[in-house]
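Structure, as structure tokens:
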Amino acid sequence: MDIIVVGGSLAGLFAGLVLKRLGHNVHILERNPTRYYQGNGAGISVGPELRDYMDKFDKTGRNFIIPSMFRRYLDIHGNEIHREDWIRPTTSWDLMYYILRANFDGLESEYCKGTDQAGGKTIYDYDANVSDMKVDNDGITIIYEQKNQKNSIKADILLAADGASSNIRTLLNPYLERKYVGYVLWRGTILESEASELLASSFVECFTFFHAPGIQFFYYFIPGKNGALDQGNRLINWGWYCNCEDPSEILTDCDGKTHRWTLPIGKVQLKVWENQKQYATHNLPPQFAQLVHITQSPIVQVITDVLAPQATYYGGRIVLLGDALATFRPHTGAGASQAAFDALQLWENMKNWHEWMKNKSSYEDLVMEFARYGVQHGQKLGNLSQFGHYKVDGKLKMGFLPPFEKALQSEEDELLYDNST
């Protein structure tokens, strides 16, 4: 079949590679104005779905993970107060992107070499902004703008992998809103070799957390420049959830432009960042506060919820994938896993048009079950972490228990965050 994928980030590449290997012709339309994505240091938790996908479809042989064998929790003074086994390797968005590009269209990069291009034909178009679509009995026509020119292309199927603010989802569900949930995530990275000896010695290869009312802070290691995995060249990737009733000032950049969902790297206002660093000094463990202070270019994103009512439309001509279908709160660490899971289901169900017509209902059930669970689980974790609400025996309780999933099940443990601040 001829298949259009709107969105050339990870979800689009996961799906595009699967369909290419099935022999379909895949044309990706990516709105990013530059030819290649530039990594912004985003970390990815590698769940079982992502591991399964890479084992099955990656031909580069490139190691992409950093192991993490446990997670631990610190108090306000930086002392470890809880530790437990928890195997969850990590990677980086940019390394995954270039591995997938090497497999999808043979892109050579500093990250890895291209692979053989057996399968259907592939095109990766950038600066392509989809504005409309038309469905008929013979297929679907996509209208998009590229370099100030309006273009159209026809295909058998359209896959929408254009992210949490999906334009395709909005065209299909004009009244479905992406909703802000009351807190933001600050993120940053530090080159491991640039951290002070005291700071570096306090970090180990695991997930480390700190919690206080209205705050969750975490860090883990991710690959460094060009996917470097060796000690010293990795990045310390940190995230800091902060409650914020009105994020408009935070999302107003240094040029005075207010962004809706994410403030790009290097665009934070100096006064806003200075205030945040001062807040870190008084409210975070010392090693975490130091991480914040030495970060040069933080990123801010608001946390939102959105879940489409269904995954397939127009008799299977249009399919929503990944964040375009359901946006998981980052607490789950499962955004990439959802995209990989959706792509694996395409592999099983979209071998040809006849098979897709026969299997699309079971596909719908599987991906929607995964999507609903991920959204609900993220809401539970986020609301517990940031607002301290959980129920025991039908009664509302306040507080936080590490690991926070346990707070949804029992009240046997004492609260472990430090209330002195």
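In the structure tokens, each chain is lettered A, B, ... as it comes, each chain's residues begin at 1, and ligands are numbered from 1 in order of appearance.
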
Inset, instruction - Find the residues near stretch 346-360 of chain A: any atom within 12 Å, counting only C-alpha atoms, skip ones fewer than 3 places away on the same chain, and give them as a VMD selection string. - result: chain A and resid 1 to 3 14 to 25 53 56 to 57 138 to 139 156 to 157 159 310 to 321 339 to 343 363 to 368

Inset, instruction - Pick out the residues sitting within 8 Å of A:Gly322, and hand them over as a list in words; count only C-alpha atoms, and ignore anything fewer than 5 positions along from it in its own chain. - result: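 Residues near the query, excluding close chain neighbours: Ala11, Ala161, Gly163, Thr327, Gly335, Ala336, Gln338, Ala339 and Asp342 of chain A.
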
Include N, CA and C atoms and write out the residues we just selected as a short mmCIF file (atom, residue, chain, number, x, y, z; two decimals), in the first residue's frame.
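Written output follows (result34.cif):
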```cif
data_model
loop_
_atom_site.label_atom_id
_atom_site.label_comp_id
_atom_site.auth_asym_id
_atom_site.auth_seq_id
_atom_site.Cartn_x
_atom_site.Cartn_y
_atom_site.Cartn_z
N ALA A 11 7.42 8.37 17.06
CA ALA A 11 6.22 7.59 16.76
C ALA A 11 6.07 7.37 15.26
N ALA A 161 0.96 10.73 13.44
CA ALA A 161 1.92 10.61 14.53
C ALA A 161 2.50 12.00 14.81
N GLY A 163 2.10 14.11 17.29
CA GLY A 163 2.33 14.57 18.64
C GLY A 163 1.11 14.97 19.44
N THR A 327 -1.81 11.25 25.24
CA THR A 327 -0.60 11.83 25.82
C THR A 327 -0.47 11.38 27.26
N GLY A 335 5.94 7.12 27.24
CA GLY A 335 5.55 7.72 25.98
C GLY A 335 6.13 7.00 24.78
N ALA A 336 7.44 6.72 24.82
CA ALA A 336 8.08 6.00 23.72
C ALA A 336 7.59 4.56 23.65
N GLN A 338 4.59 3.52 24.35
CA GLN A 338 3.29 3.53 23.68
C GLN A 338 3.47 3.58 22.17
N ALA A 339 4.37 4.44 21.69
CA ALA A 339 4.59 4.55 20.25
C ALA A 339 5.12 3.23 19.68
N ASP A 342 2.20 0.66 19.63
CA ASP A 342 1.29 0.89 18.50
C ASP A 342 1.89 0.38 17.19
#
```

Legend entry - Test item: residues at most 10 Å from A:Pro298, only C-alpha atoms, excluding those fewer than 6 positions along its chain, as a list in words: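 My list of contacting residues is Asn40, Gly41, Trp186, Arg187, Gly188, Thr189, Trp238, Gly239, Leu263, Pro264, Ile265, Gly266, Lys267, Val268, Trp273 and Val292 of chain A.
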
Kindly save the residues from that selection, with all heavy atoms included, as a short mmCIF file (atom, residue, chain, number, x, y, z; two decimals), in the first residue's frame.
```
data_model
loop_
_atom_site.label_atom_id
_atom_site.label_comp_id
_atom_site.auth_asym_id
_atom_site.auth_seq_id
_atom_site.Cartn_x
_atom_site.Cartn_y
_atom_site.Cartn_z
N ASN A 40 17.64 17.75 21.99
CA ASN A 40 17.58 18.72 23.07
C ASN A 40 17.84 18.08 24.43
O ASN A 40 17.52 18.64 25.46
CB ASN A 40 16.22 19.43 23.09
CG ASN A 40 15.06 18.46 23.26
OD1 ASN A 40 15.25 17.29 23.61
ND2 ASN A 40 13.85 18.94 23.02
N GLY A 41 18.45 16.89 24.39
CA GLY A 41 18.82 16.24 25.64
C GLY A 41 17.71 15.49 26.32
O GLY A 41 17.85 15.10 27.48
N TRP A 186 10.35 21.30 34.46
CA TRP A 186 11.64 21.87 34.05
C TRP A 186 12.58 20.72 33.76
O TRP A 186 12.61 19.73 34.50
CB TRP A 186 12.22 22.73 35.17
CG TRP A 186 11.51 24.02 35.44
CD1 TRP A 186 10.41 24.19 36.24
CD2 TRP A 186 11.85 25.31 34.93
NE1 TRP A 186 10.05 25.51 36.25
CE2 TRP A 186 10.92 26.23 35.46
CE3 TRP A 186 12.86 25.79 34.09
CZ2 TRP A 186 10.96 27.59 35.18
CZ3 TRP A 186 12.90 27.14 33.81
CH2 TRP A 186 11.95 28.02 34.34
N ARG A 187 13.37 20.84 32.69
CA ARG A 187 14.33 19.79 32.35
C ARG A 187 15.66 20.41 31.98
O ARG A 187 15.75 21.54 31.49
CB ARG A 187 13.83 18.96 31.15
CG ARG A 187 12.60 18.14 31.42
CD ARG A 187 12.34 17.13 30.34
NE ARG A 187 11.94 17.73 29.07
CZ ARG A 187 12.68 17.73 27.98
NH1 ARG A 187 13.89 17.18 27.98
NH2 ARG A 187 12.23 18.29 26.86
N GLY A 188 16.72 19.63 32.20
CA GLY A 188 18.04 20.07 31.80
C GLY A 188 19.01 18.91 31.77
O GLY A 188 18.72 17.82 32.26
N THR A 189 20.16 19.14 31.17
CA THR A 189 21.22 18.12 31.12
C THR A 189 22.56 18.75 31.45
O THR A 189 22.79 19.93 31.18
CB THR A 189 21.31 17.46 29.73
OG1 THR A 189 21.56 18.47 28.75
CG2 THR A 189 20.05 16.69 29.38
N TRP A 238 18.07 15.64 34.19
CA TRP A 238 17.22 15.89 35.35
C TRP A 238 15.88 16.48 34.95
O TRP A 238 15.74 17.12 33.91
CB TRP A 238 17.92 16.78 36.37
CG TRP A 238 18.28 18.17 35.92
CD1 TRP A 238 19.47 18.60 35.43
CD2 TRP A 238 17.42 19.33 35.93
NE1 TRP A 238 19.42 19.94 35.12
CE2 TRP A 238 18.18 20.42 35.43
CE3 TRP A 238 16.10 19.57 36.30
CZ2 TRP A 238 17.66 21.71 35.29
CZ3 TRP A 238 15.57 20.85 36.16
CH2 TRP A 238 16.34 21.89 35.68
N GLY A 239 14.90 16.27 35.81
CA GLY A 239 13.57 16.84 35.62
C GLY A 239 13.01 17.28 36.95
O GLY A 239 13.27 16.68 37.99
N LEU A 263 8.50 25.68 26.20
CA LEU A 263 9.44 26.77 25.98
C LEU A 263 10.72 26.17 25.42
O LEU A 263 11.35 25.34 26.07
CB LEU A 263 9.73 27.51 27.28
CG LEU A 263 10.55 28.80 27.16
CD1 LEU A 263 9.75 29.87 26.43
CD2 LEU A 263 10.95 29.30 28.55
N PRO A 264 11.13 26.54 24.20
CA PRO A 264 12.28 25.90 23.57
C PRO A 264 13.57 26.11 24.36
O PRO A 264 13.71 27.05 25.15
CB PRO A 264 12.35 26.60 22.20
CG PRO A 264 11.00 27.17 21.97
CD PRO A 264 10.48 27.53 23.33
N ILE A 265 14.52 25.25 24.11
CA ILE A 265 15.82 25.32 24.77
C ILE A 265 16.49 26.66 24.47
O ILE A 265 16.45 27.17 23.35
CB ILE A 265 16.72 24.14 24.32
CG1 ILE A 265 17.99 24.07 25.17
CG2 ILE A 265 17.05 24.22 22.84
CD1 ILE A 265 18.77 22.77 24.95
N GLY A 266 17.05 27.26 25.53
CA GLY A 266 17.76 28.52 25.38
C GLY A 266 16.88 29.75 25.35
O GLY A 266 17.38 30.86 25.14
N LYS A 267 15.57 29.61 25.58
CA LYS A 267 14.65 30.74 25.44
C LYS A 267 14.08 31.23 26.77
O LYS A 267 13.28 32.16 26.79
CB LYS A 267 13.50 30.36 24.51
CG LYS A 267 13.87 30.28 23.04
CD LYS A 267 14.25 31.66 22.50
CE LYS A 267 14.49 31.65 21.01
NZ LYS A 267 14.80 33.01 20.50
N VAL A 268 14.47 30.63 27.89
CA VAL A 268 13.90 31.04 29.17
C VAL A 268 14.37 32.46 29.52
O VAL A 268 15.50 32.85 29.25
CB VAL A 268 14.29 30.05 30.29
CG1 VAL A 268 15.79 30.06 30.56
CG2 VAL A 268 13.53 30.35 31.57
N TRP A 273 14.52 32.27 35.25
CA TRP A 273 15.48 31.22 35.59
C TRP A 273 16.21 31.53 36.89
O TRP A 273 16.46 30.64 37.70
CB TRP A 273 16.46 31.03 34.44
CG TRP A 273 17.43 29.89 34.61
CD1 TRP A 273 18.77 29.93 34.41
CD2 TRP A 273 17.13 28.54 34.99
NE1 TRP A 273 19.34 28.71 34.64
CE2 TRP A 273 18.35 27.82 35.01
CE3 TRP A 273 15.96 27.87 35.33
CZ2 TRP A 273 18.43 26.49 35.35
CZ3 TRP A 273 16.03 26.52 35.67
CH2 TRP A 273 17.25 25.85 35.67
N VAL A 292 20.68 22.19 39.12
CA VAL A 292 19.89 23.27 38.55
C VAL A 292 20.77 24.50 38.30
O VAL A 292 20.72 25.12 37.23
CB VAL A 292 18.71 23.63 39.49
CG1 VAL A 292 17.99 24.89 38.99
CG2 VAL A 292 17.73 22.46 39.58
#
```

Inset, instruction - Within stretch 93-232 of chain A, find each residue whose DSSP state, derived from the backbone, is helix (DSSP H, G or I), and express the selection as an MDAnalysis selection string. - result: chainID A and resid 93:104 167:172 192:194 197:201 225:227

Legend entry - Nearest-residue call for A:Phe207, choices A:Val184, A:Tyr220, A:Glu30, A:Asp55, using only C-alpha atoms: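 Counting only C-alpha atoms, the residue closest to A:Phe207 is A:Tyr220.
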
Inset, instruction - Might you pull out every residue within 7 Å of A:Tyr241, with only C-alpha atoms counted and same-chain residues fewer than 5 positions away left off, and present them as a list of chain:residue names? - result: A:Tyr183, A:Val184, A:Leu185, A:Trp186, A:Ile215, A:Gln216, A:Phe217

Writing out the chosen residues with all heavy atoms as a compact mmCIF listing (two decimals), in the first residue's frame:
```
# COMPACT_ATOMS: atom_id res chain seq x y z
N TYR A 183 0.63 21.88 36.61
CA TYR A 183 2.05 21.90 36.95
C TYR A 183 2.91 21.78 35.70
O TYR A 183 2.42 21.40 34.63
CB TYR A 183 2.40 20.81 37.98
CG TYR A 183 2.13 19.38 37.61
CD1 TYR A 183 3.15 18.54 37.18
CD2 TYR A 183 0.85 18.84 37.72
CE1 TYR A 183 2.92 17.21 36.89
CE2 TYR A 183 0.61 17.51 37.42
CZ TYR A 183 1.65 16.69 37.00
OH TYR A 183 1.41 15.37 36.69
N VAL A 184 4.17 22.15 35.85
CA VAL A 184 5.10 22.16 34.72
C VAL A 184 6.28 21.26 35.03
O VAL A 184 6.52 20.86 36.17
CB VAL A 184 5.60 23.60 34.42
CG1 VAL A 184 4.43 24.53 34.18
CG2 VAL A 184 6.49 24.11 35.55
N LEU A 185 7.02 20.94 33.98
CA LEU A 185 8.25 20.16 34.10
C LEU A 185 9.42 20.97 33.56
O LEU A 185 9.45 21.30 32.38
CB LEU A 185 8.12 18.84 33.34
CG LEU A 185 9.40 17.98 33.25
CD1 LEU A 185 9.88 17.56 34.63
CD2 LEU A 185 9.17 16.75 32.36
N TRP A 186 10.35 21.30 34.46
CA TRP A 186 11.64 21.87 34.05
C TRP A 186 12.58 20.72 33.76
O TRP A 186 12.61 19.73 34.50
CB TRP A 186 12.22 22.73 35.17
CG TRP A 186 11.51 24.02 35.44
CD1 TRP A 186 10.41 24.19 36.24
CD2 TRP A 186 11.85 25.31 34.93
NE1 TRP A 186 10.05 25.51 36.25
CE2 TRP A 186 10.92 26.23 35.46
CE3 TRP A 186 12.86 25.79 34.09
CZ2 TRP A 186 10.96 27.59 35.18
CZ3 TRP A 186 12.90 27.14 33.81
CH2 TRP A 186 11.95 28.02 34.34
N ILE A 215 6.25 19.16 44.68
CA ILE A 215 7.55 19.04 43.99
C ILE A 215 7.89 17.57 43.78
O ILE A 215 7.72 16.74 44.68
CB ILE A 215 8.69 19.69 44.82
CG1 ILE A 215 8.52 21.21 44.89
CG2 ILE A 215 10.06 19.34 44.23
CD1 ILE A 215 9.54 21.86 45.80
N GLN A 216 8.36 17.25 42.61
CA GLN A 216 9.05 15.98 42.37
C GLN A 216 10.28 16.29 41.52
O GLN A 216 10.19 16.99 40.51
CB GLN A 216 8.17 14.97 41.62
CG GLN A 216 8.90 13.63 41.40
CD GLN A 216 8.14 12.69 40.47
OE1 GLN A 216 7.55 13.11 39.49
NE2 GLN A 216 8.16 11.42 40.78
N PHE A 217 11.43 15.81 41.97
CA PHE A 217 12.68 15.99 41.24
C PHE A 217 13.28 14.61 41.00
O PHE A 217 13.23 13.73 41.87
CB PHE A 217 13.65 16.86 42.04
CG PHE A 217 14.81 17.39 41.24
CD1 PHE A 217 14.83 18.71 40.80
CD2 PHE A 217 15.89 16.58 40.90
CE1 PHE A 217 15.89 19.22 40.05
CE2 PHE A 217 16.95 17.06 40.15
CZ PHE A 217 16.95 18.39 39.73
```

Legend entry - Selected residue, from A:Thr141, A:Thr90, A:Thr304, A:Thr281, that lies nearest to A:Thr262 when counting only C-alpha atoms: A:Thr304

Inset, instruction - Grab the atom CA of A:Glu369 to atom CA of A:Asn383 distance for me, in Å with one decimal place. - result: 21.2 Å

Inset, instruction - For stretch 75-84 of chain A, list every protein, DNA or RNA residue within 7 Å, evaluated using only C-alpha atoms, and leave out those in the same chain fewer than 3 positions away; present the list as a VMD selection string. - result: chain A and resid 70 to 72 210 284 to 287 417 to 418

With C-alpha atoms kept, could you save the residues just selected as a short mmCIF file (atom, residue, chain, number, x, y, z; two decimals), in the first residue's frame?
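Contents of the output file selection13.cif:
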```cif
data_model
loop_
_atom_site.label_atom_id
_atom_site.label_comp_id
_atom_site.auth_asym_id
_atom_site.auth_seq_id
_atom_site.Cartn_x
_atom_site.Cartn_y
_atom_site.Cartn_z
CA PHE A 70 17.39 0.29 41.12
CA ARG A 71 15.74 3.51 42.22
CA ARG A 72 16.31 5.50 45.37
CA PHE A 210 13.17 13.68 45.77
CA LEU A 284 15.83 20.85 46.92
CA PRO A 285 18.55 18.56 48.27
CA PRO A 286 21.95 20.26 47.82
CA GLN A 287 23.15 18.00 44.98
CA TYR A 417 9.41 13.54 52.66
CA ASP A 418 10.92 16.15 54.96
#
```

Inset, instruction - Grab the atom CA of A:Thr122 to atom CA of A:Leu158 distance for me, in Å with one decimal place. - result: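 Distance reported for this atom pair: 14.6 Å.
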
Inset, instruction - Compile the contact shell of stretch 174-177 of chain A as a PyMOL selection string: residues with an atom at most 12 Å away, counting only C-alpha atoms, same-chain residues fewer than 5 positions apart removed. - result: chain A and resi 164-169+304-310+324-327

Inset, instruction - Go ahead and compute the interatomic distance for atom CA of A:Leu344 and atom CA of A:Met54, in Å to one decimal. - result: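 Rounded to one decimal, the two atoms are 10.4 Å apart.
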